[in-house]
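K.L.:
So here's protein_26.txt (compact mmCIF, C-alpha atoms).
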```txt
# COMPACT_ATOMS: atom_id res chain seq x y z
CA MET A 40 79.19 108.12 164.61
CA ARG A 41 76.25 105.82 165.24
CA GLU A 42 75.21 103.17 162.77
CA GLU A 43 71.75 103.85 161.38
CA SER A 44 69.15 101.16 161.80
CA THR A 45 66.92 100.22 158.91
CA THR A 46 64.77 98.02 161.12
CA PRO A 47 61.15 99.21 161.08
CA GLY A 48 59.89 100.04 164.52
CA TYR A 49 63.29 101.01 165.92
CA LEU A 50 63.47 104.11 168.13
CA ASP A 51 66.29 105.00 170.49
CA ILE A 52 65.56 107.75 173.01
CA GLU A 53 68.34 109.47 174.93
CA THR A 54 67.13 111.70 177.74
CA LYS A 55 69.04 114.41 179.61
CA ARG A 56 67.60 116.53 182.39
CA SER A 57 68.74 119.83 183.81
CA SER A 58 67.03 122.60 185.73
CA GLY A 59 63.78 123.36 183.97
CA VAL A 60 64.78 121.60 180.73
CA VAL A 61 64.37 118.05 179.44
CA ARG A 62 66.39 117.28 176.33
CA ILE A 63 65.77 114.17 174.26
CA ARG A 64 67.60 112.84 171.23
CA LEU A 65 65.66 110.54 168.92
CA GLN A 66 67.25 108.00 166.59
CA GLY A 67 65.35 105.74 164.23
CA GLU A 68 61.65 106.06 163.43
CA LEU A 69 58.90 107.85 165.35
CA ASP A 70 55.69 106.35 164.03
CA MET A 71 52.59 104.47 165.08
CA LEU A 72 54.70 101.52 166.26
CA THR A 73 57.23 103.52 168.30
CA ALA A 74 55.15 106.48 169.52
CA PRO A 75 54.23 104.63 172.74
CA LEU A 76 57.96 104.39 173.53
CA LEU A 77 58.25 108.18 173.48
CA THR A 78 55.19 108.54 175.68
CA ALA A 79 56.55 105.97 178.13
CA ALA A 80 59.95 107.70 178.27
CA LEU A 81 58.52 111.16 178.96
CA THR A 82 55.59 110.41 181.26
CA PRO A 83 57.64 109.73 184.41
CA ILE A 84 59.75 112.88 184.04
CA ARG A 85 56.88 115.31 183.58
CA THR A 86 57.17 117.38 186.71
CA PRO A 87 55.95 120.91 187.39
CA GLY A 88 59.55 122.17 187.66
CA ARG A 89 60.56 121.19 184.13
CA ARG A 90 59.06 123.55 181.60
CA HIS A 91 61.07 123.19 178.38
CA LEU A 92 61.26 120.08 176.17
CA VAL A 93 64.03 120.16 173.55
CA VAL A 94 63.88 117.37 170.97
CA ASP A 95 66.93 116.66 168.81
CA MET A 96 65.82 114.92 165.63
CA THR A 97 69.19 114.90 163.86
CA GLU A 98 69.24 111.08 163.75
CA LEU A 99 65.53 110.57 163.19
CA GLN A 100 64.98 108.83 159.87
CA PHE A 101 61.19 108.93 159.68
CA MET A 102 58.18 110.41 161.47
CA ASP A 103 54.51 110.04 160.62
CA ARG A 104 51.37 111.72 161.93
CA ALA A 105 51.15 109.32 164.87
CA GLY A 106 54.71 110.22 165.87
CA LEU A 107 53.92 113.93 165.69
CA ALA A 108 50.77 113.39 167.75
CA ALA A 109 52.79 111.57 170.43
CA LEU A 110 55.32 114.42 170.49
CA LEU A 111 52.59 117.05 170.86
CA GLU A 112 50.88 114.97 173.53
CA ALA A 113 54.19 114.66 175.38
CA ALA A 114 54.40 118.46 175.48
CA GLY A 115 51.11 118.32 177.36
CA ASN A 116 48.47 120.88 178.03
CA GLY A 117 47.06 122.94 180.84
CA ARG A 118 49.19 123.51 183.94
CA ARG A 119 51.74 120.86 182.97
CA ARG A 120 52.35 122.16 179.45
CA TRP A 121 55.96 122.33 178.26
CA VAL A 122 57.52 124.72 175.78
CA LEU A 123 58.50 122.43 172.91
CA SER A 124 61.52 123.10 170.68
CA VAL A 125 62.64 120.79 167.86
CA ILE A 126 66.23 120.95 166.62
CA GLY A 127 68.16 119.10 163.89
CA CYS A 128 65.05 118.29 161.90
CA PRO A 129 65.78 116.33 158.66
CA PRO A 130 63.93 117.53 155.52
CA ASN A 131 61.51 114.58 155.37
CA VAL A 132 60.57 115.04 159.03
CA ARG A 133 60.36 118.82 158.64
CA ARG A 134 57.79 118.22 155.91
CA VAL A 135 55.47 116.51 158.42
CA PHE A 136 55.65 119.62 160.63
CA GLU A 137 54.98 121.89 157.65
CA LEU A 138 52.03 119.87 156.32
CA THR A 139 50.36 119.91 159.72
CA GLY A 140 51.01 123.58 160.48
CA HIS A 141 53.52 122.93 163.29
CA GLU A 142 56.69 124.25 161.62
CA ASP A 143 56.86 126.96 164.31
CA LEU A 144 58.13 124.26 166.72
CA ILE A 145 61.35 123.84 164.74
CA ALA A 146 63.97 125.94 166.50
CA ASP A 147 67.22 124.82 164.83
CA SER A 148 69.12 127.08 167.19
CA PRO A 149 72.56 126.18 168.53
CA LEU A 150 71.52 127.72 171.86
CA VAL A 151 69.32 124.72 172.63
CA SER A 152 71.80 121.99 171.66
CA LEU A 153 72.24 118.81 173.65
CA GLY A 154 75.96 119.32 174.15
CA PRO A 155 77.64 120.02 177.50
CA GLU A 156 78.06 123.66 176.55
CA ALA A 157 74.30 124.19 176.25
CA GLY A 158 73.12 127.03 178.39
CA ARG A 159 76.59 128.41 179.06
CA GLY A 160 77.65 131.79 177.94
```
Give the structure from this file in structure tokens form.

P.N.:
Amino acid sequence: MREESTTPGYLDIETKRSSGVVRIRLQGELDMLTAPLLTAALTPIRTPGRRHLVVDMTELQFMDRAGLAALLEAAGNGRRRWVLSVIGCPPNVRRVFELTGHEDLIADSPLVSLGPEAGRG
């Protein structure tokens, strides 16, 4: 189990890539201070072959509107748009999605987990 950080502006991003899917796990806070970190982590891996972005928010402690905007921007638009799925969304973060009308992005399906068994079956 990871120790939770209470330091404002802390965001840890773990990225895993497989055919057509990029999976990221966020820990800490996704807000106006840390949103550029998410953008910087995802920009170099945006390739035409990867079409699905799965974001595990199980260990995310806080997200504000700026964090949501960075996540939506990371999903992109036009020809390079990704399908975005959010899993493990804590209640306080889920509320941000609900208040902004983006609750449809929350998948919470075990089929899109970050574990080694993901995609097998």

K.L.:
Quick one: of A:Pro75, A:Leu107, A:Arg90, A:Gly59, who's nearest to A:Gly140, counting only C-alpha atoms?

P.N.:
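Going through A:Pro75, A:Leu107, A:Arg90, A:Gly59 one by one, the smallest distance to A:Gly140 is for A:Leu107.
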
K.L.:
Taking all atoms listed in the file into account, which of A:Ala113, A:Leu69, A:Glu53, A:Phe101 comes nearest A:Pro83?

P.N.:
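Comparing A:Ala113, A:Leu69, A:Glu53, A:Phe101 against A:Pro83, the winner is A:Ala113.
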
K.L.:
Which residue, A:Leu77, A:Leu72, A:Ala105, A:Val60, has the smallest gap to A:Leu92 when you use all atoms listed in the file?

P.N.:
A:Val60

K.L.:
Pick the closest to A:Ile126 from A:Met96, A:Met71, A:Leu138, A:Val61: which is it, counting only C-alpha atoms?

P.N.:
A:Met96

K.L.:
At what distance in Å, to one decimal, does atom CA of A:Asp143 lie from atom CA of A:Tyr49?

P.N.:
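Separation between atom CA of A:Tyr49 and atom CA of A:Asp143: 26.8 Å.
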
K.L.:
What is the distance, in Å and to one decimal place, between atom CA of A:Leu123 and atom CA of A:Asp95?

P.N.:
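That distance, rounded to one decimal, is 11.0 Å.
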
K.L.:
Of the candidates A:Asp103, A:Glu68, A:Glu98, A:Glu142, which one gets nearest to A:Leu50 if we count only C-alpha atoms?

P.N.:
A:Glu68

K.L.:
Between atom CA of A:Leu81 and atom CA of A:Arg56, what is the spacing in Å?

P.N.:
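Between these atoms lies a distance of 11.1 Å.
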
K.L.:
Name the residues within 12 Å of (69.1, 115.0, 160.1), counting only C-alpha atoms in the file's coordinates, and put them as a PyMOL selection string.

P.N.:
chain A and resi 43+64-67+95-102+125-133+147

K.L.:
Using 8 Å of padding on each side, determine the axis-aligned box around all atoms of stretch 64-77 of chain A present in the file and give its centre and edge lengths in Å to one decimal, as AutoDock Vina command-line options.

P.N.:
```
--center_x 60.1 --center_y 107.2 --center_z 168.5 --size_x 31.0 --size_y 27.3 --size_z 26.1
```

K.L.:
Using all atoms listed in the file, which residue out of A:Ala146, A:Arg85, A:His141, A:Asp51 lies closest to A:Ala108?

P.N.:
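Smallest separation from A:Ala108 among the options: A:His141.
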